[in-house]
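Structure file data_19.cif; described as mmCIF, C-alpha atoms (C1' of nucleotides).
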data_run
loop_
_atom_site.label_atom_id
_atom_site.label_comp_id
_atom_site.auth_asym_id
_atom_site.auth_seq_id
_atom_site.Cartn_x
_atom_site.Cartn_y
_atom_site.Cartn_z
CA MET A 1 89.75 116.98 71.58
CA ALA A 2 91.02 113.91 73.35
CA ARG A 3 94.56 115.07 73.71
CA SER A 4 97.06 112.27 73.97
CA GLN A 5 94.32 109.70 74.60
CA GLN A 6 95.59 108.32 77.83
CA ALA A 7 97.59 109.21 80.81
CA THR A 8 100.72 107.37 81.76
CA PRO A 9 100.52 104.50 84.25
CA THR A 10 101.83 106.74 86.99
CA GLY A 11 99.20 109.27 85.99
CA TYR A 12 96.49 106.69 86.49
CA ALA A 13 97.98 105.60 89.76
CA LEU A 14 97.72 109.16 91.03
CA LEU A 15 94.28 109.54 89.57
CA GLY A 16 93.44 106.38 91.46
CA LEU A 17 94.56 107.96 94.71
CA LEU A 18 92.31 110.90 94.00
CA SER A 19 89.48 108.47 93.34
CA PHE A 20 89.23 107.96 97.07
CA GLY A 21 87.48 111.28 96.99
CA ARG A 22 89.75 113.70 98.73
CA HIS A 23 90.86 117.11 97.57
CA LEU A 24 94.62 117.26 97.75
CA THR A 25 97.56 119.45 96.97
CA GLY A 26 100.44 117.91 95.06
CA TYR A 27 102.33 117.72 98.28
CA GLU A 28 99.55 115.89 100.08
CA LEU A 29 99.12 113.56 97.15
CA LYS A 30 102.78 112.71 97.37
CA GLN A 31 102.36 111.95 101.06
CA PHE A 32 99.41 109.75 100.32
CA ALA A 33 101.45 107.88 97.73
CA ASP A 34 104.27 107.49 100.22
CA SER A 35 101.98 105.81 102.66
CA SER A 36 100.14 103.56 100.24
CA LEU A 37 101.58 103.06 96.78
CA ARG A 38 105.07 102.87 98.12
CA PHE A 39 104.57 99.33 99.40
CA PHE A 40 103.79 97.87 96.04
CA TYR A 41 104.26 100.49 93.39
CA ALA A 42 107.36 102.64 93.72
CA ALA A 43 106.01 106.03 94.72
CA PRO A 44 106.61 108.69 92.06
CA ALA A 45 109.05 111.51 92.64
CA MET A 46 107.72 114.78 93.96
CA SER A 47 108.46 116.45 90.66
CA GLN A 48 106.54 113.82 88.82
CA VAL A 49 103.48 114.20 90.99
CA TYR A 50 103.22 117.80 89.94
CA SER A 51 103.87 117.20 86.28
CA GLU A 52 101.35 114.38 86.17
CA LEU A 53 98.78 116.56 87.87
CA ASP A 54 99.32 119.18 85.19
CA LYS A 55 98.82 116.61 82.49
CA LEU A 56 95.79 115.10 84.16
CA GLU A 57 94.29 118.51 84.50
CA ALA A 58 95.01 119.32 80.87
CA ALA A 59 93.24 116.10 79.95
CA GLY A 60 90.28 117.15 82.08
CA PHE A 61 90.71 114.25 84.48
CA VAL A 62 91.25 116.38 87.54
CA ASN A 63 89.90 119.69 88.65
CA GLY A 64 92.33 122.10 90.23
CA ARG A 65 91.05 124.81 92.50
CA GLU A 66 93.21 127.61 93.76
CA THR A 67 92.87 128.63 97.35
CA THR A 68 94.60 131.39 99.18
CA VAL A 69 96.20 130.72 102.52
CA GLY A 70 97.76 133.85 103.89
CA GLU A 71 100.37 135.04 101.41
CA ARG A 72 100.27 132.11 99.11
CA THR A 73 98.03 130.46 96.64
CA ILE A 74 97.89 126.69 96.74
CA ARG A 75 96.27 124.38 94.31
CA VAL A 76 93.91 121.65 95.47
CA HIS A 77 93.08 118.79 93.13
CA SER A 78 90.17 116.42 92.88
CA ILE A 79 89.13 113.84 90.34
CA SER A 80 86.56 114.93 87.76
CA ARG A 81 83.68 112.90 86.43
CA LYS A 82 85.62 112.51 83.21
CA GLY A 83 88.59 111.34 85.26
CA ILE A 84 86.47 108.71 86.96
CA THR A 85 85.32 107.38 83.62
CA ALA A 86 88.83 107.34 82.24
CA LEU A 87 90.14 105.57 85.30
CA ARG A 88 87.42 102.95 85.18
CA ARG A 89 88.11 102.35 81.55
CA TRP A 90 91.81 102.06 82.13
CA LEU A 91 91.32 99.64 85.01
CA ALA A 92 88.95 97.50 83.00
CA GLN A 93 90.84 97.47 79.73
CA SER A 94 94.54 98.03 80.02
CA PRO A 95 96.56 94.83 80.22
CA VAL A 96 98.15 94.14 83.58
CA GLY A 97 101.84 93.80 82.96
CA PRO A 98 104.07 91.54 85.00
CA PRO A 99 105.45 93.13 88.15
CA SER A 100 108.72 94.87 87.51
CA LEU A 101 111.31 94.27 90.11
CA LYS A 102 114.73 95.74 90.65
CA HIS A 103 116.26 93.78 93.45
CA HIS A 104 119.58 95.45 94.03
CA LEU A 105 120.64 92.93 96.60
CA ALA A 106 120.00 90.00 94.28
CA LEU A 107 122.22 91.71 91.72
CA ARG A 108 124.97 91.95 94.31
CA ILE A 109 124.69 88.27 95.11
CA PHE A 110 124.61 87.34 91.46
CA LEU A 111 127.90 89.15 91.04
CA GLY A 112 129.21 87.62 94.23
CA HIS A 113 132.31 86.31 92.51
CA MET A 114 133.50 89.92 92.50
CA THR A 115 132.90 90.58 96.19
CA GLU A 116 134.21 89.45 99.52
CA PRO A 117 131.80 87.01 101.11
CA GLY A 118 131.73 89.04 104.34
CA ARG A 119 130.57 92.14 102.57
CA LEU A 120 127.81 90.14 100.97
CA LEU A 121 126.52 88.95 104.31
CA GLU A 122 126.54 92.48 105.62
CA GLN A 123 124.47 93.56 102.69
CA VAL A 124 121.98 90.79 103.27
CA ALA A 125 121.72 91.86 106.88
CA GLY A 126 121.11 95.43 105.80
CA GLN A 127 118.36 94.30 103.51
CA ARG A 128 116.88 92.27 106.26
CA SER A 129 116.52 95.20 108.58
CA TRP A 130 115.06 97.33 105.82
CA CYS A 131 112.55 94.59 105.22
CA GLU A 132 111.61 94.35 108.88
CA GLN A 133 111.15 98.09 109.01
CA THR A 134 108.91 98.04 105.97
CA LEU A 135 106.93 95.24 107.49
CA THR A 136 106.26 97.19 110.66
CA ASP A 137 105.41 100.32 108.67
CA LEU A 138 102.96 98.33 106.64
CA ALA A 139 101.46 96.73 109.71
CA ILE A 140 100.76 100.20 111.06
CA VAL A 141 99.11 101.25 107.83
CA ARG A 142 97.09 98.06 107.84
CA ASP A 143 95.89 98.72 111.38
CA GLY A 144 94.85 102.19 110.40
CA LEU A 145 92.51 100.67 107.83
CA GLU A 146 90.58 98.76 110.48
CA ASP A 147 88.21 101.60 111.13
CA ASP A 148 86.30 101.84 107.88
CA PRO A 149 82.58 102.52 108.31
CA ASP A 150 81.71 103.06 104.67
CA GLY A 151 83.84 100.22 103.31
CA ARG A 152 85.82 102.48 101.08
CA TRP A 153 89.09 100.89 102.10
CA SER A 154 88.18 97.24 101.83
CA HIS A 155 90.41 96.69 98.82
CA ALA A 156 93.20 98.63 100.46
CA ARG A 157 92.95 96.15 103.32
CA ILE A 158 93.21 93.23 100.96
CA VAL A 159 96.28 94.71 99.34
CA ALA A 160 97.81 95.48 102.72
CA ASP A 161 97.33 91.87 103.79
CA TRP A 162 98.81 90.72 100.53
CA GLY A 163 101.74 93.04 101.20
CA LEU A 164 102.25 91.58 104.65
CA ASP A 165 102.44 88.15 103.05
CA TYR A 166 104.78 89.47 100.46
CA TYR A 167 107.23 91.09 102.84
CA ARG A 168 107.15 88.20 105.25
CA ALA A 169 108.08 85.91 102.38
CA GLU A 170 110.80 88.32 101.37
CA LEU A 171 112.15 88.13 104.87
CA SER A 172 112.33 84.38 104.99
CA ALA A 173 113.80 84.19 101.51
CA LEU A 174 116.46 86.54 102.81
CA ASP A 175 117.20 84.20 105.67
CA ARG A 176 117.52 81.22 103.42
CA LEU A 177 119.75 83.31 101.22
CA ALA A 178 121.96 84.08 104.17
CA SER A 179 122.30 80.40 105.02
CA ALA A 180 123.10 79.50 101.47
CA LEU A 181 125.83 82.10 101.41
CA ALA A 182 127.20 81.04 104.76
CA GLU A 183 127.30 77.44 103.65
CA GLY A 184 129.01 78.19 100.39
CA SER A 185 131.54 80.72 101.57
CA PRO A 186 133.77 79.29 104.23
CA ALA A 187 134.81 76.43 102.00
CA VAL A 188 135.49 78.58 99.04
CA VAL A 189 138.95 79.94 99.17
CA ARG A 190 139.02 81.79 95.99
CA PRO A 191 141.98 83.03 94.15
CA ARG A 192 140.80 86.21 92.56
CA THR A 193 140.91 86.03 88.83
CA MET B 15 139.97 112.01 82.24
CA ALA B 16 137.54 110.09 84.39
CA ARG B 17 134.46 111.30 82.67
CA SER B 18 131.41 111.23 84.88
CA GLN B 19 133.18 109.21 87.56
CA GLN B 20 130.89 106.26 87.67
CA ALA B 21 128.59 104.33 85.53
CA THR B 22 124.89 104.10 86.16
CA PRO B 23 123.47 101.11 88.07
CA THR B 24 122.35 99.55 84.84
CA GLY B 25 125.81 100.14 83.49
CA TYR B 26 127.31 98.21 86.38
CA ALA B 27 124.76 95.47 85.97
CA LEU B 28 125.85 95.01 82.38
CA LEU B 29 129.48 95.28 83.34
CA GLY B 30 128.73 92.56 85.85
CA LEU B 31 127.41 90.32 83.12
CA LEU B 32 130.61 90.87 81.20
CA SER B 33 132.55 89.99 84.34
CA PHE B 34 131.67 86.36 83.71
CA GLY B 35 134.39 86.61 81.12
CA ARG B 36 132.69 86.32 77.80
CA HIS B 37 133.10 88.50 74.76
CA LEU B 38 129.69 89.61 73.62
CA THR B 39 127.92 91.80 71.13
CA GLY B 40 125.28 94.17 72.42
CA TYR B 41 122.69 91.80 71.13
CA GLU B 42 124.16 88.83 72.93
CA LEU B 43 124.53 90.85 76.08
CA LYS B 44 120.85 91.68 75.89
CA GLN B 45 120.07 87.99 75.53
CA PHE B 46 122.22 87.18 78.50
CA ALA B 47 120.38 89.82 80.52
CA ASP B 48 117.07 88.39 79.40
CA SER B 49 117.98 85.00 80.74
CA SER B 50 119.52 86.10 84.02
CA LEU B 51 118.90 89.65 85.20
CA ARG B 52 115.33 89.55 84.10
CA PHE B 53 114.30 87.41 87.05
CA PHE B 54 115.35 89.90 89.64
CA TYR B 55 116.45 93.08 87.95
CA ALA B 56 114.26 94.30 85.11
CA ALA B 57 116.38 93.69 82.02
CA PRO B 58 117.36 96.92 80.28
CA ALA B 59 115.94 97.84 76.91
CA MET B 60 117.90 96.92 73.83
CA SER B 61 118.61 100.55 73.14
CA GLN B 62 119.95 101.01 76.60
CA VAL B 63 122.31 98.09 76.35
CA TYR B 64 123.99 99.77 73.44
CA SER B 65 124.12 103.20 74.98
CA GLU B 66 125.50 101.83 78.22
CA LEU B 67 128.13 99.90 76.32
CA ASP B 68 129.17 103.12 74.64
CA LYS B 69 129.45 104.86 77.96
CA LEU B 70 131.30 101.98 79.57
CA GLU B 71 133.71 101.93 76.71
CA ALA B 72 134.22 105.68 76.92
CA ALA B 73 135.00 105.21 80.60
CA GLY B 74 137.51 102.51 79.71
CA PHE B 75 135.55 99.81 81.51
CA VAL B 76 135.00 97.66 78.46
CA ASN B 77 137.04 96.91 75.41
CA GLY B 78 135.23 96.82 72.11
CA ARG B 79 136.73 94.95 69.22
CA GLU B 80 135.37 95.12 65.73
CA THR B 81 135.13 91.96 63.74
CA THR B 82 134.00 91.49 60.21
CA VAL B 83 131.48 88.82 59.38
CA GLY B 84 130.75 88.82 55.69
CA GLU B 85 129.40 92.23 54.75
CA ARG B 86 129.06 93.62 58.18
CA THR B 87 131.19 94.74 61.03
CA ILE B 88 130.06 93.75 64.47
CA ARG B 89 131.39 94.90 67.78
CA VAL B 90 132.34 92.46 70.49
CA HIS B 91 132.74 93.67 74.04
CA SER B 92 134.66 92.42 77.02
CA ILE B 93 135.40 93.82 80.44
CA SER B 94 138.73 95.57 80.88
CA ARG B 95 141.03 95.40 83.88
CA LYS B 96 139.92 98.89 84.76
CA GLY B 97 136.33 97.74 84.46
CA ILE B 98 136.96 94.89 86.86
CA THR B 99 138.41 97.28 89.40
CA ALA B 100 135.54 99.70 89.00
CA LEU B 101 133.00 96.94 89.34
CA ARG B 102 134.63 95.56 92.45
CA ARG B 103 134.71 98.98 93.98
CA TRP B 104 131.09 99.61 93.14
CA LEU B 105 130.03 96.28 94.58
CA ALA B 106 131.98 96.86 97.76
CA GLN B 107 131.05 100.47 98.33
CA SER B 108 127.80 101.56 96.80
CA PRO B 109 124.86 101.33 99.17
CA VAL B 110 122.36 98.62 98.35
CA GLY B 111 119.03 100.35 97.93
CA PRO B 112 115.74 98.70 98.81
CA PRO B 113 114.22 96.63 96.03
CA SER B 114 112.00 98.69 93.82
CA LEU B 115 108.79 97.04 92.89
CA LYS B 116 106.04 98.01 90.52
CA HIS B 117 103.30 95.54 91.07
CA HIS B 118 100.68 96.48 88.53
CA LEU B 119 98.24 93.91 89.77
CA ALA B 120 98.43 95.18 93.34
CA LEU B 121 97.61 98.63 92.03
CA ARG B 122 94.54 97.23 90.30
CA ILE B 123 93.39 95.59 93.49
CA PHE B 124 94.05 98.70 95.52
CA LEU B 125 91.76 100.58 93.17
CA GLY B 126 89.27 97.76 93.24
CA HIS B 127 86.43 100.07 94.20
CA MET B 128 86.55 101.28 90.60
CA THR B 129 86.40 97.84 88.98
CA GLU B 130 84.03 94.96 88.65
CA PRO B 131 85.00 92.15 90.99
CA GLY B 132 84.94 89.62 88.15
CA ARG B 133 87.46 91.56 86.15
CA LEU B 134 89.71 91.67 89.17
CA LEU B 135 89.69 87.91 89.54
CA GLU B 136 90.51 87.50 85.88
CA GLN B 137 93.47 89.76 86.33
CA VAL B 138 94.65 87.78 89.31
CA ALA B 139 94.35 84.61 87.26
CA GLY B 140 96.37 86.19 84.48
CA GLN B 141 99.06 87.13 86.91
CA ARG B 142 99.04 83.66 88.30
CA SER B 143 99.76 82.08 84.98
CA TRP B 144 102.48 84.59 84.25
CA CYS B 145 103.99 83.69 87.58
CA GLU B 146 103.87 79.98 86.90
CA GLN B 147 105.50 80.53 83.55
CA THR B 148 108.28 82.56 85.09
CA LEU B 149 108.77 79.88 87.68
CA THR B 150 109.24 77.18 85.07
CA ASP B 151 111.55 79.43 83.04
CA LEU B 152 113.62 80.03 86.10
CA ALA B 153 113.68 76.35 86.98
CA ILE B 154 115.13 75.67 83.56
CA VAL B 155 117.80 78.30 84.01
CA ARG B 156 118.57 76.92 87.44
CA ASP B 157 118.99 73.42 86.01
CA GLY B 158 121.34 74.73 83.39
CA LEU B 159 123.60 75.98 86.17
CA GLU B 160 124.06 72.50 87.58
CA ASP B 161 126.98 71.74 85.35
CA ASP B 162 129.61 74.13 86.61
CA PRO B 163 133.10 72.65 86.76
CA ASP B 164 134.99 75.82 87.64
CA GLY B 165 132.47 77.12 90.16
CA ARG B 166 131.95 80.35 88.30
CA TRP B 167 128.20 80.13 88.63
CA SER B 168 127.90 79.26 92.28
CA HIS B 169 126.42 82.63 93.17
CA ALA B 170 124.14 82.51 90.20
CA ARG B 171 122.81 79.24 91.62
CA ILE B 172 122.21 80.84 94.98
CA VAL B 173 120.31 83.67 93.37
CA ALA B 174 118.33 81.26 91.23
CA ASP B 175 117.30 79.32 94.31
CA TRP B 176 116.37 82.54 96.02
CA GLY B 177 114.34 83.43 92.96
CA LEU B 178 112.52 80.11 93.08
CA ASP B 179 111.60 80.88 96.68
CA TYR B 180 110.55 84.32 95.70
CA TYR B 181 108.28 83.33 92.87
CA ARG B 182 106.77 80.45 94.77
CA ALA B 183 105.88 82.86 97.53
CA GLU B 184 104.46 85.25 94.97
CA LEU B 185 102.31 82.45 93.71
CA SER B 186 100.86 81.55 97.05
CA ALA B 187 100.34 85.19 97.96
CA LEU B 188 98.39 85.42 94.74
CA ASP B 189 96.20 82.51 95.79
CA ARG B 190 95.47 84.02 99.16
CA LEU B 191 94.69 87.24 97.36
CA ALA B 192 92.21 85.44 95.18
CA SER B 193 90.49 83.93 98.21
CA ALA B 194 90.31 87.28 99.94
CA LEU B 195 88.71 88.78 96.88
CA ALA B 196 86.31 85.88 96.46
CA GLU B 197 85.26 86.17 100.07
CA GLY B 198 84.55 89.82 99.68
CA SER B 199 82.44 89.30 96.59
CA PRO B 200 80.42 86.12 97.05
CA ALA B 201 78.77 86.55 93.67
CA VAL B 202 81.83 85.18 92.00
CA VAL B 203 82.63 81.50 91.75
CA ARG B 204 86.25 80.82 92.31
CA PRO B 205 88.14 78.76 89.71
CA ARG B 206 90.37 75.87 90.65
CA THR B 207 92.89 76.52 93.36
"C1'" DG C 12 117.09 82.73 44.43
"C1'" DC C 13 113.41 83.75 47.85
"C1'" DT C 14 111.52 84.08 52.17
"C1'" DG C 15 111.36 84.39 56.88
"C1'" DA C 16 113.61 83.98 61.38
"C1'" DC C 17 117.40 85.62 63.68
"C1'" DT C 18 121.38 88.73 64.47
"C1'" DA C 19 123.05 93.44 65.10
"C1'" DT C 20 122.73 98.26 65.65
"C1'" DT C 21 120.76 102.90 65.79
"C1'" DC C 22 117.34 106.49 66.52
"C1'" DC C 23 113.95 109.11 68.79
"C1'" DG C 24 110.54 110.61 71.80
"C1'" DT C 25 108.54 109.89 76.27
"C1'" DT C 26 108.58 108.57 81.03
"C1'" DT C 27 110.66 108.50 85.31
"C1'" DC C 28 113.97 109.77 88.77
"C1'" DG C 29 116.31 112.57 92.09
"C1'" DG C 30 117.80 116.31 94.10
"C1'" DA C 31 118.17 121.06 94.68
"C1'" DA C 32 116.15 125.73 94.79
"C1'" DT C 33 112.64 128.75 96.41
"C1'" DA C 34 109.48 130.46 99.53
"C1'" DC C 35 105.71 130.65 102.59
"C1'" DT C 36 103.46 128.85 107.26
"C1'" DC C 37 103.24 127.75 111.77
"C1'" DC C 38 104.73 126.63 116.24
"C1'" DA C 39 107.95 126.57 120.07
"C1'" DC C 40 111.26 128.71 122.74
"C1'" DG C 41 113.82 132.39 124.65
"C1'" DC D 24 107.23 139.55 120.40
"C1'" DG D 25 110.53 137.70 117.06
"C1'" DT D 26 113.28 134.32 115.34
"C1'" DG D 27 114.52 129.97 113.83
"C1'" DG D 28 113.56 125.43 112.42
"C1'" DA D 29 110.28 121.82 110.89
"C1'" DG D 30 106.87 121.21 107.77
"C1'" DT D 31 104.17 122.65 103.54
"C1'" DA D 32 103.98 123.71 98.59
"C1'" DT D 33 105.83 124.19 94.12
"C1'" DT D 34 109.18 124.44 90.32
"C1'" DC D 35 113.27 123.43 87.64
"C1'" DC D 36 116.67 120.79 85.54
"C1'" DG D 37 119.48 117.20 83.97
"C1'" DA D 38 120.16 112.44 83.83
"C1'" DA D 39 118.47 107.66 83.52
"C1'" DA D 40 115.48 104.36 81.66
"C1'" DC D 41 112.02 102.68 78.52
"C1'" DG D 42 109.98 101.10 74.33
"C1'" DG D 43 109.31 100.54 69.94
"C1'" DA D 44 110.35 101.18 65.30
"C1'" DA D 45 113.67 101.49 61.50
"C1'" DT D 46 117.50 99.57 59.07
"C1'" DA D 47 120.20 95.91 57.37
"C1'" DG D 48 122.95 91.96 57.01
"C1'" DT D 49 123.08 86.53 57.81
"C1'" DC D 50 121.66 82.09 57.39
"C1'" DA D 51 118.70 78.08 56.76
"C1'" DG D 52 115.34 75.74 54.21
"C1'" DC D 53 112.55 75.17 50.30
#
Target format structure tokens, applied to this file:
Amino acid sequence: MARSQQATPTGYALLGLLSFGRHLTGYELKQFADSSLRFFYAAPAMSQVYSELDKLEAAGFVNGRETTVGERTIRVHSISRKGITALRRWLAQSPVGPPSLKHHLALRIFLGHMTEPGRLLEQVAGQRSWCEQTLTDLAIVRDGLEDDPDGRWSHARIVADWGLDYYRAELSALDRLASALAEGSPAVVRPRT
Amino acid sequence: MARSQQATPTGYALLGLLSFGRHLTGYELKQFADSSLRFFYAAPAMSQVYSELDKLEAAGFVNGRETTVGERTIRVHSISRKGITALRRWLAQSPVGPPSLKHHLALRIFLGHMTEPGRLLEQVAGQRSWCEQTLTDLAIVRDGLEDDPDGRWSHARIVADWGLDYYRAELSALDRLASALAEGSPAVVRPRT
DNA sequence: GCTGACTATTCCGTTTCGGAATACTCCACG
DNA sequence: CGTGGAGTATTCCGAAACGGAATAGTCAGC
């Protein structure tokens, strides 16, 4: 029976989205991920959403129901009782790894000896505006969670607030970074090796 | 000639490590990554270090030299002139994507409606101690960069300082997270702040 | 001379990414 | 109406990244 025991972390993340109780197509699930997971857990690729759904369904964790809309048949997914159990177990038992971060800008700075200082500052500025954008996007999401009669989204609110903290800190770290670079650069007339 | 044009991001990251001028085995390169990249750019798997080195060498970006040590032949790698050019070009031209983050703890919180509150707080505490550990590790690395006669590590210092900011912020966000959770579930007594 | 930690490399299967291809739906505009 | 473009829904494919285990030599200490 129990096929490959467990789903993959991404599988559980998607299962978790379904645990909010909605019945979603792969496409809708992807949209949901893009407006929630994306702020703290790199949203999976479209293709992966579908392949995970297949696997989750094979494991009996989600139920897929086909519906016909005009010419085409679409597949709507919901979490199964078995899926709920599996998810609970995973949440309770699987070790929580350290966050994994790929900070492309930090890599650029680290290798700053191979770059013109001006370019570096541009890149920091670019990052800064991305960060501001993300912050406003998140603020909008957070506001949308205000109206929550049955308390289903209370943890989502906590995470959103955490995210606001996180991105605000990111922003100010970016500013300090910019100063540090500006301080260091003008003095440094470097002969390129 | 030019095989697949460019290396992969991880390839460039490793090439960047070699750009500090040392001649390293795959193993040493991995160690170097583990003590530098790891703080801001998930260090690549051992296996990947070797496969990237192969690709970089095939592209002419690194020179591999075999040396014999007793019974075995080891391969020492250094960046080539062509590699330096390629790296510079990549740093100057490739767009700097947004940081990609997989915050496993945040996912757990987000799905908190499927978990016991106590378990959640434990997980936050676990994350907190990981974070403290990382912070002290990074502080040690940062100290080691103090002695830098030829200024080669000046950007590394800037990144290290940025990282200290980053992880300190992470830590306090974690504490606020813990309070938010504790508030929501009054049953639980909060451990020391 | 043995043992165990460290150095060095390779292999293999799975997970994840990313983008393109396909095709239907629905609405707005002429 | 009817057509075209934005949005919905799914699939395919190849490349990138991960992770852990297997193999094997080196070197120190006992």
Box for stretch 33-41 of chain C: with edges along x, y and z, all listed atoms inside and 6 Å added on each side, what are the centre and edge lengths in Å to one decimal, as lines of an AutoDock Vina configuration file?
center_x = 108.5
center_y = 129.5
center_z = 110.5
size_x = 22.6
size_y = 17.8
size_z = 40.2
I need the output of the PyMOL selection byres ((chain D) within 8 of (chain B)) for this file as a PyMOL selection string; which residues are they? chain D and resi 39-42+48
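Evaluated against this file, the PyMOL selection byres ((chain B) within 12 of (chain C)) yields Leu38, Thr39, Gly40, Tyr41, Glu42, Leu43, Lys44, Gln45, Met60, Ser61, Gln62, Val63, Tyr64, Ser65, Val83, Arg86, Thr87, Ile88, Arg89 and Val90 of chain B.
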Check what the PyMOL selection byres ((chain B and resi 157) around 12) selects in the file above and give those residues as a list in words.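 Listing what the PyMOL selection byres ((chain B and resi 157) around 12) selects in the shown file: Thr150, Asp151, Leu152, Ala153, Ile154, Val155, Arg156, Gly158, Leu159, Glu160, Asp161, Asp162, Trp167, Ala170, Arg171, Ala174, Asp175 and Leu178 of chain B.
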Could you build a table of the residues in chain B lying no more than 8 Å from chain A, giving for each the nearest pair of atoms and their separation in Å rounded to one decimal place, using all atoms listed in the file, ordered by chain and ascending residue number, as a tab-separated table?
residue	atom	partner	partner_atom	distance
B:Ala27	CA	A:Leu107	CA	7.3
B:Gly30	CA	A:Leu111	CA	6.3
B:Leu51	CA	A:Leu107	CA	7.6
B:Phe54	CA	A:His103	CA	5.5
B:Tyr55	CA	A:Lys102	CA	4.2
B:Ala56	CA	A:Lys102	CA	5.7
B:Leu101	CA	A:Met114	CA	7.7
B:Arg102	CA	A:Met114	CA	5.8
B:Leu105	CA	A:Thr115	CA	6.6
B:Ala106	CA	A:Thr115	CA	6.5
B:Val110	CA	A:His104	CA	6.0
B:Gly111	CA	A:His104	CA	6.3
B:Pro112	CA	A:His104	CA	6.9
B:Pro113	CA	A:His103	CA	4.4
B:Ser114	CA	A:Lys102	CA	5.1
B:Leu115	CA	A:Leu101	CA	4.7
B:Lys116	CA	A:Tyr41	CA	4.2
B:His117	CA	A:Pro99	CA	4.4
B:His118	CA	A:Pro99	CA	5.8
B:Leu119	CA	A:Val96	CA	6.2
B:Ala120	CA	A:Val159	CA	6.4
B:Leu121	CA	A:Tyr41	CA	7.0
B:Arg122	CA	A:Leu91	CA	6.6
B:Ile123	CA	A:His155	CA	6.2
B:Phe124	CA	A:Ala156	CA	5.0
B:Leu125	CA	A:Gly16	CA	6.3
B:Gly126	CA	A:His155	CA	5.8
B:His127	CA	A:His155	CA	7.0
B:Met128	CA	A:Arg88	CA	5.7
B:Thr129	CA	A:Arg88	CA	6.4
B:Glu130	CA	A:Ala92	CA	7.9
B:Arg133	CA	A:Ala92	CA	6.9
B:Gln137	CA	A:Val96	CA	7.0
B:Gln141	CA	A:Pro98	CA	6.9
B:Trp144	CA	A:Pro98	CA	7.2
B:Arg166	CA	A:His113	CA	7.3
B:His169	CA	A:Phe110	CA	5.3
B:Ala170	CA	A:Phe110	CA	5.0
B:Ile172	CA	A:Ala180	CA	6.7
B:Val173	CA	A:Phe110	CA	6.0
B:Trp176	CA	A:Leu177	CA	6.2
B:Asp179	CA	A:Ala173	CA	6.3
B:Tyr180	CA	A:Ala173	CA	6.7
B:Ala183	CA	A:Ala169	CA	6.1
B:Glu184	CA	A:Tyr166	CA	6.9
B:Ala187	CA	A:Asp165	CA	6.3
B:Leu188	CA	A:Trp162	CA	7.9
B:Arg190	CA	A:Trp162	CA	7.6
B:Leu191	CA	A:Trp162	CA	6.3
B:Ala194	CA	A:Ile158	CA	6.7
B:Leu195	CA	A:Ile158	CA	7.5
Using all C-alpha atoms matched in sequence order, least-squares fit chain B onto chain A and give the RMSD rounded to one decimal in Å.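 Computed on C-alpha atoms only, the RMSD stands at 4.0 Å.
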Separation of atom CA of A:Arg22 and atom CA of A:Ser35, in Å?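 Atom-to-atom, atom CA of A:Arg22 and atom CA of A:Ser35 are spaced 15.1 Å apart.
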Can you tell me how far atom CA of B:Thr81 sits from atom C1' of D:DC50, in Å to one decimal?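 Atom-to-atom, atom CA of B:Thr81 to atom C1' of D:DC50, that is 17.9 Å.
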Between atom CA of A:Glu52 and atom CA of A:Arg81 - distance in Å to one decimal: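 Rounded to one decimal, the two atoms are 17.7 Å apart.
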Do a neighbour search on B:Gly74 at 9 Å with all atoms listed in the file, toss out local chain neighbours closer than 4 positions, and write the hits as a PDB file with C-alpha atoms, keeping the file's coordinate frame.
ATOM      1  CA  ALA B  16     137.540 110.090  84.390  1.00  0.00           C
ATOM      2  CA  LYS B  69     129.450 104.860  77.960  1.00  0.00           C
ATOM      3  CA  LEU B  70     131.300 101.980  79.570  1.00  0.00           C
ATOM      4  CA  ILE B  93     135.400  93.820  80.440  1.00  0.00           C
ATOM      5  CA  SER B  94     138.730  95.570  80.880  1.00  0.00           C
ATOM      6  CA  ARG B  95     141.030  95.400  83.880  1.00  0.00           C
ATOM      7  CA  LYS B  96     139.920  98.890  84.760  1.00  0.00           C
ATOM      8  CA  GLY B  97     136.330  97.740  84.460  1.00  0.00           C
TER       9      GLY B  97
END
